[in-house]
Amino acid sequence: MISDFLRKRLSKYFTQQDEIIFTNRVPDNELISKDIHSISSLGIYLHIPFCERICPYCPYNKEIHNKTTSKNYVKAILNEIDFYAPLLNNKPISSFYIGGGTPTTLLGRGIEKIIDHIYNKFNMHCHIHMESHPNHLTKEKLDNIESMGVKYLSVGVEALQDKHLMAIERPYSVSEVRRTIERVVNRNFECVNIDFIFDLPGQTEKEVYEAGHIMIDMGIQQVATYPLFRFPYTPLGKSAHKNKSAVATMFRRRRLLKILEDIFYNAGFERSSVWAFTQKGTEKYCSVTVPSYLGLGASGGTYLKDLFYVNTFSVAEYINSIAKGNTPIALSLDMSEEMQMAGWLYWRIYETKFNKRDFQFRFNTGFDEKFGKPFKILNKIGFLKNGHDQITLTDKGTYWIHAFEDFFSIDYINKLWGTSRTNPWPENVRL
Ligand SMILES: C[S@@+](CC[C@H](N)C(=O)[O-])C[C@H]1O[C@@H](n2cnc3c(N)ncnc32)[C@H](O)[C@@H]1O
Ligand code: SF4
């Protein structure tokens, strides 16, 4: 396929590798500990892989909640925290994100215990950012969430027209979800984010425009607006029309996103990542705020400078391996310097602005020396608002450079997640 050929050539240009291969080699504790100490700041990611029902478009690692399984899962996470505590050796943790699945499925079912244990065993210097499902946000559960120390809360609203909520099988109506958000914004969170999916089947520009204004009226501090990605291994991806033009899709999404950009900018929001807009002056809700992180739970991924590894995706295998005193790590990748640089650039582009001097500090190499040529072209075609040291992407640049990145990332996710969800212990995965 021509796209595979192109992907391989471009990947080689950025990483200097013929192929990126994850293997089942488990890094030893000494190496993990050494890597942790060589980095300046570390984040924690906690994965809660349970939901009450499964949405047909969702690519994440999750399963239907079951009381016995989740009880054993909580126990396994507590053990994984105990495993890392001596390796961290009091290393300060500067960001903490709980994602899923649906973390709020475990409210009153052990998530409080996990958080307590993390704050007891790790040297935490941060507040909690957490995802939630709108149907879980009753008054009592919000009390619970606030008392756990969550200051940044995201709610999966997804659509603001009943027909679209129904089409993507979300179990609430627009008026219900609006009442929920009203309850949430009247609490004391630093930042309330809502997730919104656009480019849904049959969605018109007028509907996106109306939804954008409803979001502003809700009084939230941030919106994350993703186009509907069709992952081939999801029920929605399997049923998608194969003959839809990828180029037409890209241009249609750009038009829809532009409608939302205009609404959010007029309302005093600014872009905080490719898909997110945050009220000026508010610290953003986001998944990882530091370049290195430790992932806990089934499918949790850990990135430590030159080492990337992922836990088994299977909840049952995660629980069993920890109960037997074995590692839940399923796949790992040694990152060459070139791969680290490409990864660094991917995430800085995702954040839409960065300083060249941070690259120099991290890699001891000038940014222009490494990426000067392509960035000169990007500047010429109006994709950058270029200062001396700080690079900021224009809206046009943000969209198109990220569309180019998605050419790799969606394919990589399909291969890595697609394999890991059917095989708990793959021998290797070739990207
Ligand atoms: C883990 S879920 C959020 C929390 C909770 N599970 C829920 O659904 O309300 C993360 C978010 O990813 C987004 N998402 C999931 N699948 C997507 C897809 N195929 N395309 C675009 N966005 C998607 C949704 O906006 C969703 O809120
Ligand atoms: S979108 Fe949220 S609720 Fe739906 S299956 Fe995915 S994680 Fe679960």
# chains A, B, ... in the order shown; residues from 1 in each chain; ligands from 1

call {"tool": "closest_atom_pairs", "arguments": {"of": "range 279-347 of chain A", "to": "range 21-26 of chain A", "cutoff": "8 Å", "atoms": "only C-alpha atoms", "output": "JSON lines"}}
result
{"residue": "A:Ile329", "atom": "CA", "partner": "A:Val26", "partner_atom": "CA", "distance": 6.4}
{"residue": "A:Ala330", "atom": "CA", "partner": "A:Asn24", "partner_atom": "CA", "distance": 5.6}
{"residue": "A:Leu331", "atom": "CA", "partner": "A:Asn24", "partner_atom": "CA", "distance": 4.5}
{"residue": "A:Ser332", "atom": "CA", "partner": "A:Phe22", "partner_atom": "CA", "distance": 5.3}
{"residue": "A:Leu333", "atom": "CA", "partner": "A:Phe22", "partner_atom": "CA", "distance": 4.9}

call {"tool": "write_last_selection", "arguments": {"atoms": "N, CA, C and O atoms", "output": "tab-separated table (two decimals), in the first residue's frame"}}
result
chain	number	residue	atom	x	y	z
A	329	ILE	N	4.18	-6.04	33.22
A	329	ILE	CA	4.71	-5.40	32.01
A	329	ILE	C	4.68	-6.41	30.85
A	329	ILE	O	5.20	-7.52	30.98
A	330	ALA	N	4.07	-6.01	29.72
A	330	ALA	CA	3.93	-6.94	28.59
A	330	ALA	C	4.88	-6.60	27.45
A	330	ALA	O	5.42	-7.49	26.80
A	331	LEU	N	5.07	-5.32	27.19
A	331	LEU	CA	5.88	-4.92	26.02
A	331	LEU	C	6.78	-3.75	26.39
A	331	LEU	O	6.38	-2.88	27.18
A	332	SER	N	7.97	-3.72	25.79
A	332	SER	CA	8.83	-2.56	26.05
A	332	SER	C	9.57	-2.16	24.78
A	332	SER	O	9.67	-2.93	23.82
A	333	LEU	N	10.04	-0.94	24.81
A	333	LEU	CA	10.74	-0.38	23.65
A	333	LEU	C	11.90	0.47	24.15
A	333	LEU	O	11.70	1.36	24.99

call {"tool": "residues_near_ligand", "arguments": {"ligand": "ligand 1", "cutoff": "8 Å", "atoms": "only C-alpha atoms and all ligand atoms", "output": "PDB file with all heavy atoms, in the first residue's frame"}}
result
ATOM      1  N   CYS A  51     -16.376   0.269  32.724  1.00  0.00           N
ATOM      2  CA  CYS A  51     -17.481   1.139  32.295  1.00  0.00           C
ATOM      3  C   CYS A  51     -18.771   0.378  32.557  1.00  0.00           C
ATOM      4  O   CYS A  51     -18.767  -0.858  32.624  1.00  0.00           O
ATOM      5  CB  CYS A  51     -17.407   1.441  30.801  1.00  0.00           C
ATOM      6  SG  CYS A  51     -15.914   2.311  30.323  1.00  0.00           S
ATOM      7  N   CYS A  55     -19.402   2.057  24.638  1.00  0.00           N
ATOM      8  CA  CYS A  55     -19.798   2.904  23.504  1.00  0.00           C
ATOM      9  C   CYS A  55     -19.174   2.350  22.217  1.00  0.00           C
ATOM     10  O   CYS A  55     -18.005   1.942  22.226  1.00  0.00           O
ATOM     11  CB  CYS A  55     -19.334   4.329  23.724  1.00  0.00           C
ATOM     12  SG  CYS A  55     -19.815   4.970  25.328  1.00  0.00           S
ATOM     13  N   TYR A  57     -17.885   3.512  19.600  1.00  0.00           N
ATOM     14  CA  TYR A  57     -16.778   4.204  18.917  1.00  0.00           C
ATOM     15  C   TYR A  57     -15.488   4.158  19.735  1.00  0.00           C
ATOM     16  O   TYR A  57     -14.441   4.607  19.293  1.00  0.00           O
ATOM     17  CB  TYR A  57     -17.159   5.680  18.690  1.00  0.00           C
ATOM     18  CG  TYR A  57     -17.642   6.351  19.955  1.00  0.00           C
ATOM     19  CD1 TYR A  57     -16.743   6.925  20.840  1.00  0.00           C
ATOM     20  CD2 TYR A  57     -19.002   6.364  20.292  1.00  0.00           C
ATOM     21  CE1 TYR A  57     -17.173   7.508  22.027  1.00  0.00           C
ATOM     22  CE2 TYR A  57     -19.444   6.937  21.474  1.00  0.00           C
ATOM     23  CZ  TYR A  57     -18.526   7.505  22.338  1.00  0.00           C
ATOM     24  OH  TYR A  57     -18.956   8.061  23.513  1.00  0.00           O
ATOM     25  N   CYS A  58     -15.548   3.617  20.955  1.00  0.00           N
ATOM     26  CA  CYS A  58     -14.467   3.838  21.924  1.00  0.00           C
ATOM     27  C   CYS A  58     -13.274   2.900  21.731  1.00  0.00           C
ATOM     28  O   CYS A  58     -13.421   1.680  21.782  1.00  0.00           O
ATOM     29  CB  CYS A  58     -15.019   3.682  23.329  1.00  0.00           C
ATOM     30  SG  CYS A  58     -13.736   3.887  24.573  1.00  0.00           S
ATOM     31  N   PRO A  59     -12.061   3.459  21.549  1.00  0.00           N
ATOM     32  CA  PRO A  59     -10.884   2.625  21.317  1.00  0.00           C
ATOM     33  C   PRO A  59     -10.153   2.222  22.588  1.00  0.00           C
ATOM     34  O   PRO A  59      -9.202   1.464  22.544  1.00  0.00           O
ATOM     35  CB  PRO A  59      -9.973   3.565  20.507  1.00  0.00           C
ATOM     36  CG  PRO A  59     -10.281   4.926  21.054  1.00  0.00           C
ATOM     37  CD  PRO A  59     -11.741   4.908  21.428  1.00  0.00           C
ATOM     38  N   TYR A  60     -10.592   2.757  23.749  1.00  0.00           N
ATOM     39  CA  TYR A  60      -9.783   2.570  24.966  1.00  0.00           C
ATOM     40  C   TYR A  60      -9.905   1.174  25.552  1.00  0.00           C
ATOM     41  O   TYR A  60     -10.855   0.452  25.273  1.00  0.00           O
ATOM     42  CB  TYR A  60     -10.150   3.626  26.012  1.00  0.00           C
ATOM     43  CG  TYR A  60      -9.888   5.019  25.509  1.00  0.00           C
ATOM     44  CD1 TYR A  60     -10.931   5.869  25.183  1.00  0.00           C
ATOM     45  CD2 TYR A  60      -8.585   5.451  25.306  1.00  0.00           C
ATOM     46  CE1 TYR A  60     -10.682   7.135  24.680  1.00  0.00           C
ATOM     47  CE2 TYR A  60      -8.330   6.708  24.808  1.00  0.00           C
ATOM     48  CZ  TYR A  60      -9.377   7.544  24.497  1.00  0.00           C
ATOM     49  OH  TYR A  60      -9.125   8.782  23.987  1.00  0.00           O
ATOM     50  N   GLY A  99      -7.472   8.144  34.321  1.00  0.00           N
ATOM     51  CA  GLY A  99      -8.268   8.010  33.091  1.00  0.00           C
ATOM     52  C   GLY A  99      -8.804   6.594  32.943  1.00  0.00           C
ATOM     53  O   GLY A  99      -8.648   5.741  33.809  1.00  0.00           O
ATOM     54  N   GLY A 100      -9.467   6.350  31.809  1.00  0.00           N
ATOM     55  CA  GLY A 100     -10.050   5.020  31.650  1.00  0.00           C
ATOM     56  C   GLY A 100     -10.403   4.724  30.210  1.00  0.00           C
ATOM     57  O   GLY A 100      -9.845   5.328  29.302  1.00  0.00           O
ATOM     58  N   GLY A 101     -11.393   3.881  30.068  1.00  0.00           N
ATOM     59  CA  GLY A 101     -12.472   3.524  30.936  1.00  0.00           C
ATOM     60  C   GLY A 101     -13.130   4.721  31.634  1.00  0.00           C
ATOM     61  O   GLY A 101     -13.005   5.855  31.216  1.00  0.00           O
ATOM     62  N   THR A 102     -13.782   4.386  32.719  1.00  0.00           N
ATOM     63  CA  THR A 102     -14.498   5.410  33.470  1.00  0.00           C
ATOM     64  C   THR A 102     -14.114   5.329  34.939  1.00  0.00           C
ATOM     65  O   THR A 102     -14.625   4.473  35.683  1.00  0.00           O
ATOM     66  CB  THR A 102     -16.024   5.200  33.293  1.00  0.00           C
ATOM     67  OG1 THR A 102     -16.315   5.182  31.887  1.00  0.00           O
ATOM     68  CG2 THR A 102     -16.806   6.311  33.944  1.00  0.00           C
ATOM     69  N   PRO A 103     -13.198   6.217  35.394  1.00  0.00           N
ATOM     70  CA  PRO A 103     -12.735   6.166  36.784  1.00  0.00           C
ATOM     71  C   PRO A 103     -13.883   6.273  37.786  1.00  0.00           C
ATOM     72  O   PRO A 103     -13.830   5.636  38.852  1.00  0.00           O
ATOM     73  CB  PRO A 103     -11.815   7.388  36.888  1.00  0.00           C
ATOM     74  CG  PRO A 103     -11.351   7.646  35.496  1.00  0.00           C
ATOM     75  CD  PRO A 103     -12.461   7.227  34.590  1.00  0.00           C
ATOM     76  N   GLU A 131     -11.069  11.868  34.766  1.00  0.00           N
ATOM     77  CA  GLU A 131     -12.190  11.752  33.812  1.00  0.00           C
ATOM     78  C   GLU A 131     -13.434  11.257  34.550  1.00  0.00           C
ATOM     79  O   GLU A 131     -13.315  10.507  35.525  1.00  0.00           O
ATOM     80  CB  GLU A 131     -11.853  10.722  32.732  1.00  0.00           C
ATOM     81  CG  GLU A 131     -10.745  11.163  31.800  1.00  0.00           C
ATOM     82  CD  GLU A 131     -10.382  10.073  30.787  1.00  0.00           C
ATOM     83  OE1 GLU A 131     -10.789   8.905  30.959  1.00  0.00           O
ATOM     84  OE2 GLU A 131      -9.666  10.405  29.838  1.00  0.00           O
ATOM     85  N   SER A 132     -14.607  11.623  34.034  1.00  0.00           N
ATOM     86  CA  SER A 132     -15.836  11.134  34.681  1.00  0.00           C
ATOM     87  C   SER A 132     -16.943  10.950  33.641  1.00  0.00           C
ATOM     88  O   SER A 132     -16.877  11.507  32.540  1.00  0.00           O
ATOM     89  CB  SER A 132     -16.306  12.136  35.737  1.00  0.00           C
ATOM     90  OG  SER A 132     -16.791  13.305  35.114  1.00  0.00           O
ATOM     91  N   HIS A 133     -17.939  10.157  34.041  1.00  0.00           N
ATOM     92  CA  HIS A 133     -19.111   9.967  33.176  1.00  0.00           C
ATOM     93  C   HIS A 133     -20.248  10.819  33.720  1.00  0.00           C
ATOM     94  O   HIS A 133     -20.488  10.827  34.939  1.00  0.00           O
ATOM     95  CB  HIS A 133     -19.509   8.488  33.182  1.00  0.00           C
ATOM     96  CG  HIS A 133     -20.522   8.140  32.143  1.00  0.00           C
ATOM     97  ND1 HIS A 133     -21.845   8.520  32.256  1.00  0.00           N
ATOM     98  CD2 HIS A 133     -20.402   7.478  30.970  1.00  0.00           C
ATOM     99  CE1 HIS A 133     -22.505   8.090  31.184  1.00  0.00           C
ATOM    100  NE2 HIS A 133     -21.645   7.458  30.388  1.00  0.00           N
ATOM    101  N   PRO A 134     -20.996  11.534  32.858  1.00  0.00           N
ATOM    102  CA  PRO A 134     -22.038  12.434  33.361  1.00  0.00           C
ATOM    103  C   PRO A 134     -23.050  11.735  34.266  1.00  0.00           C
ATOM    104  O   PRO A 134     -23.508  12.331  35.250  1.00  0.00           O
ATOM    105  CB  PRO A 134     -22.734  12.942  32.096  1.00  0.00           C
ATOM    106  CG  PRO A 134     -21.944  12.482  30.941  1.00  0.00           C
ATOM    107  CD  PRO A 134     -20.861  11.563  31.398  1.00  0.00           C
ATOM    108  N   SER A 154     -12.964  16.223  34.226  1.00  0.00           N
ATOM    109  CA  SER A 154     -13.456  16.199  32.850  1.00  0.00           C
ATOM    110  C   SER A 154     -14.721  15.353  32.782  1.00  0.00           C
ATOM    111  O   SER A 154     -14.805  14.312  33.433  1.00  0.00           O
ATOM    112  CB  SER A 154     -12.385  15.591  31.944  1.00  0.00           C
ATOM    113  OG  SER A 154     -12.903  15.430  30.647  1.00  0.00           O
ATOM    114  N   VAL A 155     -15.700  15.814  32.016  1.00  0.00           N
ATOM    115  CA  VAL A 155     -16.966  15.097  31.883  1.00  0.00           C
ATOM    116  C   VAL A 155     -17.185  14.757  30.410  1.00  0.00           C
ATOM    117  O   VAL A 155     -17.108  15.630  29.547  1.00  0.00           O
ATOM    118  CB  VAL A 155     -18.151  15.972  32.392  1.00  0.00           C
ATOM    119  CG1 VAL A 155     -19.411  15.126  32.518  1.00  0.00           C
ATOM    120  CG2 VAL A 155     -17.827  16.660  33.703  1.00  0.00           C
ATOM    121  N   GLY A 156     -17.489  13.483  30.144  1.00  0.00           N
ATOM    122  CA  GLY A 156     -17.698  13.057  28.751  1.00  0.00           C
ATOM    123  C   GLY A 156     -19.105  13.403  28.275  1.00  0.00           C
ATOM    124  O   GLY A 156     -19.989  12.554  28.325  1.00  0.00           O
ATOM    125  N   VAL A 157     -19.297  14.632  27.823  1.00  0.00           N
ATOM    126  CA  VAL A 157     -20.628  15.069  27.359  1.00  0.00           C
ATOM    127  C   VAL A 157     -20.895  14.513  25.946  1.00  0.00           C
ATOM    128  O   VAL A 157     -21.956  13.995  25.644  1.00  0.00           O
ATOM    129  CB  VAL A 157     -20.731  16.614  27.398  1.00  0.00           C
ATOM    130  CG1 VAL A 157     -21.982  17.100  26.675  1.00  0.00           C
ATOM    131  CG2 VAL A 157     -20.746  17.087  28.849  1.00  0.00           C
ATOM    132  N   GLU A 158     -19.944  14.669  25.059  1.00  0.00           N
ATOM    133  CA  GLU A 158     -19.884  14.075  23.703  1.00  0.00           C
ATOM    134  C   GLU A 158     -20.769  14.702  22.626  1.00  0.00           C
ATOM    135  O   GLU A 158     -20.334  14.870  21.502  1.00  0.00           O
ATOM    136  CB  GLU A 158     -20.113  12.543  23.704  1.00  0.00           C
ATOM    137  CG  GLU A 158     -19.466  11.769  24.847  1.00  0.00           C
ATOM    138  CD  GLU A 158     -17.975  11.972  24.999  1.00  0.00           C
ATOM    139  OE1 GLU A 158     -17.383  12.739  24.229  1.00  0.00           O
ATOM    140  OE2 GLU A 158     -17.384  11.378  25.915  1.00  0.00           O
ATOM    141  N   ILE A 194     -15.204  19.704  29.416  1.00  0.00           N
ATOM    142  CA  ILE A 194     -16.129  18.727  28.841  1.00  0.00           C
ATOM    143  C   ILE A 194     -15.560  18.217  27.523  1.00  0.00           C
ATOM    144  O   ILE A 194     -14.924  18.952  26.776  1.00  0.00           O
ATOM    145  CB  ILE A 194     -17.574  19.273  28.645  1.00  0.00           C
ATOM    146  CG1 ILE A 194     -17.605  20.460  27.707  1.00  0.00           C
ATOM    147  CG2 ILE A 194     -18.218  19.621  29.964  1.00  0.00           C
ATOM    148  CD1 ILE A 194     -19.029  20.922  27.420  1.00  0.00           C
ATOM    149  N   ASP A 195     -15.761  16.930  27.285  1.00  0.00           N
ATOM    150  CA  ASP A 195     -15.363  16.326  26.010  1.00  0.00           C
ATOM    151  C   ASP A 195     -16.535  16.419  25.052  1.00  0.00           C
ATOM    152  O   ASP A 195     -17.687  16.159  25.439  1.00  0.00           O
ATOM    153  CB  ASP A 195     -15.033  14.835  26.203  1.00  0.00           C
ATOM    154  CG  ASP A 195     -13.702  14.612  26.891  1.00  0.00           C
ATOM    155  OD1 ASP A 195     -12.891  15.550  26.929  1.00  0.00           O
ATOM    156  OD2 ASP A 195     -13.474  13.490  27.380  1.00  0.00           O
ATOM    157  N   PHE A 196     -16.234  16.780  23.811  1.00  0.00           N
ATOM    158  CA  PHE A 196     -17.280  16.913  22.794  1.00  0.00           C
ATOM    159  C   PHE A 196     -16.738  16.284  21.510  1.00  0.00           C
ATOM    160  O   PHE A 196     -15.597  16.534  21.127  1.00  0.00           O
ATOM    161  CB  PHE A 196     -17.582  18.401  22.579  1.00  0.00           C
ATOM    162  CG  PHE A 196     -18.541  18.679  21.459  1.00  0.00           C
ATOM    163  CD1 PHE A 196     -19.904  18.460  21.630  1.00  0.00           C
ATOM    164  CD2 PHE A 196     -18.085  19.147  20.231  1.00  0.00           C
ATOM    165  CE1 PHE A 196     -20.805  18.700  20.594  1.00  0.00           C
ATOM    166  CE2 PHE A 196     -18.978  19.393  19.186  1.00  0.00           C
ATOM    167  CZ  PHE A 196     -20.334  19.170  19.377  1.00  0.00           C
ATOM    168  N   ILE A 197     -17.553  15.450  20.863  1.00  0.00           N
ATOM    169  CA  ILE A 197     -17.098  14.816  19.616  1.00  0.00           C
ATOM    170  C   ILE A 197     -17.821  15.476  18.441  1.00  0.00           C
ATOM    171  O   ILE A 197     -19.059  15.597  18.464  1.00  0.00           O
ATOM    172  CB  ILE A 197     -17.381  13.297  19.612  1.00  0.00           C
ATOM    173  CG1 ILE A 197     -16.763  12.646  20.862  1.00  0.00           C
ATOM    174  CG2 ILE A 197     -16.825  12.648  18.357  1.00  0.00           C
ATOM    175  CD1 ILE A 197     -16.923  11.135  20.932  1.00  0.00           C
ATOM    176  N   PHE A 198     -17.053  15.920  17.449  1.00  0.00           N
ATOM    177  CA  PHE A 198     -17.682  16.492  16.255  1.00  0.00           C
ATOM    178  C   PHE A 198     -17.390  15.619  15.030  1.00  0.00           C
ATOM    179  O   PHE A 198     -16.644  14.652  15.130  1.00  0.00           O
ATOM    180  CB  PHE A 198     -17.273  17.954  16.035  1.00  0.00           C
ATOM    181  CG  PHE A 198     -15.820  18.153  15.660  1.00  0.00           C
ATOM    182  CD1 PHE A 198     -15.439  18.280  14.326  1.00  0.00           C
ATOM    183  CD2 PHE A 198     -14.837  18.236  16.637  1.00  0.00           C
ATOM    184  CE1 PHE A 198     -14.106  18.477  13.965  1.00  0.00           C
ATOM    185  CE2 PHE A 198     -13.501  18.435  16.291  1.00  0.00           C
ATOM    186  CZ  PHE A 198     -13.142  18.555  14.969  1.00  0.00           C
ATOM    187  N   ALA A 224     -12.703  20.015  25.260  1.00  0.00           N
ATOM    188  CA  ALA A 224     -11.846  19.214  24.376  1.00  0.00           C
ATOM    189  C   ALA A 224     -12.756  18.701  23.262  1.00  0.00           C
ATOM    190  O   ALA A 224     -13.721  17.982  23.539  1.00  0.00           O
ATOM    191  CB  ALA A 224     -11.210  18.067  25.140  1.00  0.00           C
ATOM    192  N   THR A 225     -12.482  19.121  22.042  1.00  0.00           N
ATOM    193  CA  THR A 225     -13.372  18.792  20.914  1.00  0.00           C
ATOM    194  C   THR A 225     -12.640  17.871  19.943  1.00  0.00           C
ATOM    195  O   THR A 225     -11.789  18.334  19.185  1.00  0.00           O
ATOM    196  CB  THR A 225     -13.751  20.073  20.138  1.00  0.00           C
ATOM    197  OG1 THR A 225     -12.536  20.699  19.714  1.00  0.00           O
ATOM    198  CG2 THR A 225     -14.560  21.029  20.954  1.00  0.00           C
ATOM    199  N   TYR A 226     -12.960  16.601  20.005  1.00  0.00           N
ATOM    200  CA  TYR A 226     -12.281  15.649  19.110  1.00  0.00           C
ATOM    201  C   TYR A 226     -13.164  15.333  17.910  1.00  0.00           C
ATOM    202  O   TYR A 226     -14.372  15.154  18.077  1.00  0.00           O
ATOM    203  CB  TYR A 226     -12.020  14.315  19.820  1.00  0.00           C
ATOM    204  CG  TYR A 226     -11.311  14.449  21.134  1.00  0.00           C
ATOM    205  CD1 TYR A 226     -12.016  14.372  22.336  1.00  0.00           C
ATOM    206  CD2 TYR A 226      -9.936  14.650  21.175  1.00  0.00           C
ATOM    207  CE1 TYR A 226     -11.366  14.495  23.552  1.00  0.00           C
ATOM    208  CE2 TYR A 226      -9.279  14.772  22.398  1.00  0.00           C
ATOM    209  CZ  TYR A 226     -10.008  14.701  23.581  1.00  0.00           C
ATOM    210  OH  TYR A 226      -9.361  14.826  24.783  1.00  0.00           O
ATOM    211  N   PRO A 227     -12.563  15.194  16.719  1.00  0.00           N
ATOM    212  CA  PRO A 227     -13.361  14.630  15.626  1.00  0.00           C
ATOM    213  C   PRO A 227     -13.575  13.145  15.902  1.00  0.00           C
ATOM    214  O   PRO A 227     -12.758  12.530  16.594  1.00  0.00           O
ATOM    215  CB  PRO A 227     -12.466  14.830  14.400  1.00  0.00           C
ATOM    216  CG  PRO A 227     -11.084  14.906  14.930  1.00  0.00           C
ATOM    217  CD  PRO A 227     -11.166  15.434  16.333  1.00  0.00           C
ATOM    218  N   LEU A 228     -14.626  12.574  15.398  1.00  0.00           N
ATOM    219  CA  LEU A 228     -14.884  11.148  15.631  1.00  0.00           C
ATOM    220  C   LEU A 228     -13.846  10.311  14.872  1.00  0.00           C
ATOM    221  O   LEU A 228     -13.839  10.269  13.643  1.00  0.00           O
ATOM    222  CB  LEU A 228     -16.288  10.786  15.136  1.00  0.00           C
ATOM    223  CG  LEU A 228     -16.655   9.315  15.278  1.00  0.00           C
ATOM    224  CD1 LEU A 228     -16.769   8.911  16.741  1.00  0.00           C
ATOM    225  CD2 LEU A 228     -17.964   9.023  14.566  1.00  0.00           C
ATOM    226  N   PHE A 229     -12.945   9.673  15.628  1.00  0.00           N
ATOM    227  CA  PHE A 229     -11.953   8.791  15.000  1.00  0.00           C
ATOM    228  C   PHE A 229     -12.580   7.414  14.850  1.00  0.00           C
ATOM    229  O   PHE A 229     -13.199   6.907  15.783  1.00  0.00           O
ATOM    230  CB  PHE A 229     -10.702   8.669  15.881  1.00  0.00           C
ATOM    231  CG  PHE A 229      -9.956   9.966  16.061  1.00  0.00           C
ATOM    232  CD1 PHE A 229      -9.892  10.590  17.298  1.00  0.00           C
ATOM    233  CD2 PHE A 229      -9.313  10.569  14.982  1.00  0.00           C
ATOM    234  CE1 PHE A 229      -9.207  11.794  17.469  1.00  0.00           C
ATOM    235  CE2 PHE A 229      -8.625  11.771  15.144  1.00  0.00           C
ATOM    236  CZ  PHE A 229      -8.572  12.374  16.388  1.00  0.00           C
ATOM    237  N   ARG A 230     -12.366   6.816  13.683  1.00  0.00           N
ATOM    238  CA  ARG A 230     -12.948   5.480  13.456  1.00  0.00           C
ATOM    239  C   ARG A 230     -11.839   4.431  13.512  1.00  0.00           C
ATOM    240  O   ARG A 230     -11.158   4.185  12.524  1.00  0.00           O
ATOM    241  CB  ARG A 230     -13.657   5.459  12.093  1.00  0.00           C
ATOM    242  CG  ARG A 230     -14.890   6.329  12.068  1.00  0.00           C
ATOM    243  CD  ARG A 230     -15.466   6.435  10.667  1.00  0.00           C
ATOM    244  NE  ARG A 230     -16.827   6.928  10.676  1.00  0.00           N
ATOM    245  CZ  ARG A 230     -17.176   8.204  10.716  1.00  0.00           C
ATOM    246  NH1 ARG A 230     -16.238   9.141  10.770  1.00  0.00           N
ATOM    247  NH2 ARG A 230     -18.443   8.560  10.705  1.00  0.00           N
ATOM    248  N   PHE A 231     -11.641   3.866  14.701  1.00  0.00           N
ATOM    249  CA  PHE A 231     -10.616   2.828  14.858  1.00  0.00           C
ATOM    250  C   PHE A 231     -11.175   1.516  14.332  1.00  0.00           C
ATOM    251  O   PHE A 231     -12.266   1.099  14.754  1.00  0.00           O
ATOM    252  CB  PHE A 231     -10.211   2.691  16.326  1.00  0.00           C
ATOM    253  CG  PHE A 231      -9.473   3.898  16.839  1.00  0.00           C
ATOM    254  CD1 PHE A 231     -10.163   4.970  17.374  1.00  0.00           C
ATOM    255  CD2 PHE A 231      -8.089   3.975  16.759  1.00  0.00           C
ATOM    256  CE1 PHE A 231      -9.494   6.096  17.831  1.00  0.00           C
ATOM    257  CE2 PHE A 231      -7.410   5.102  17.212  1.00  0.00           C
ATOM    258  CZ  PHE A 231      -8.121   6.158  17.749  1.00  0.00           C
TER     259      PHE A 231
END

call {"tool": "atom_distance", "arguments": {"atom1": "CA of Asp389 in chain A", "atom2": "CA of Gly343 in chain A"}}
result
19.7 Å

call {"tool": "select_by_dssp", "arguments": {"residues": "range 8-254 of chain A", "states": "strand (DSSP E or B)", "output": "ChimeraX atom specification"}}
result
/A:21-23,42-48,50-51,63-64,92-100,123-124,128-132,150-158,191-198,222-227

call {"tool": "residues_around", "arguments": {"residues": "Lys163 in chain A", "least_positions_apart": "2", "cutoff": "12 Å", "atoms": "only C-alpha atoms", "output": "PyMOL selection string"}}
result
chain A and resi 159-161+165-174+200-203+207

call {"tool": "residues_around", "arguments": {"residues": "range 31-40 of chain A", "least_positions_apart": "5", "cutoff": "8 Å", "atoms": "only C-alpha atoms", "output": "list in words"}}
result
Leu87, Leu88, Lys91, Ser292, Leu304, Lys305, Asp306 and Leu307 of chain A

call {"tool": "write_last_selection", "arguments": {"atoms": "N, CA, C and O atoms", "output": "compact mmCIF listing (two decimals), in the first residue's frame"}}
result
# COMPACT_ATOMS: atom_id res chain seq x y z
N LEU A 87 11.36 2.03 44.23
CA LEU A 87 12.08 2.45 43.02
C LEU A 87 12.02 3.98 42.86
O LEU A 87 12.95 4.59 42.34
N LEU A 88 10.92 4.57 43.30
CA LEU A 88 10.78 6.03 43.19
C LEU A 88 11.65 6.74 44.23
O LEU A 88 12.11 7.87 44.00
N LYS A 91 11.00 10.33 44.93
CA LYS A 91 11.04 11.26 43.78
C LYS A 91 9.76 12.11 43.78
O LYS A 91 8.65 11.58 43.85
N SER A 292 7.74 12.80 31.27
CA SER A 292 7.95 11.41 31.73
C SER A 292 6.88 11.02 32.73
O SER A 292 6.51 11.83 33.58
N LEU A 304 10.03 6.71 30.37
CA LEU A 304 11.13 7.23 31.17
C LEU A 304 12.32 7.54 30.26
O LEU A 304 13.23 6.72 30.13
N LYS A 305 12.29 8.63 29.58
CA LYS A 305 13.41 9.11 28.77
C LYS A 305 13.75 8.15 27.63
O LYS A 305 13.33 8.33 26.52
N ASP A 306 14.55 7.08 27.91
CA ASP A 306 14.94 6.19 26.82
C ASP A 306 14.24 4.83 26.90
O ASP A 306 14.62 3.89 26.23
N LEU A 307 13.22 4.77 27.75
CA LEU A 307 12.53 3.50 27.95
C LEU A 307 11.03 3.73 27.94
O LEU A 307 10.53 4.63 28.61

call {"tool": "atom_distance", "arguments": {"atom1": "CA of Ser273 in chain A", "atom2": "CA of Trp347 in chain A"}}
result
9.5 Å

call {"tool": "atom_distance", "arguments": {"atom1": "CA of Leu78 in chain A", "atom2": "CA of Lys113 in chain A"}}
result
8.3 Å

call {"tool": "closest_residue", "arguments": {"among": "A:Ala298, A:Trp425, A:Leu106, A:Tyr293", "to": "Phe313 in chain A", "atoms": "only C-alpha atoms"}}
result
A:Ala298
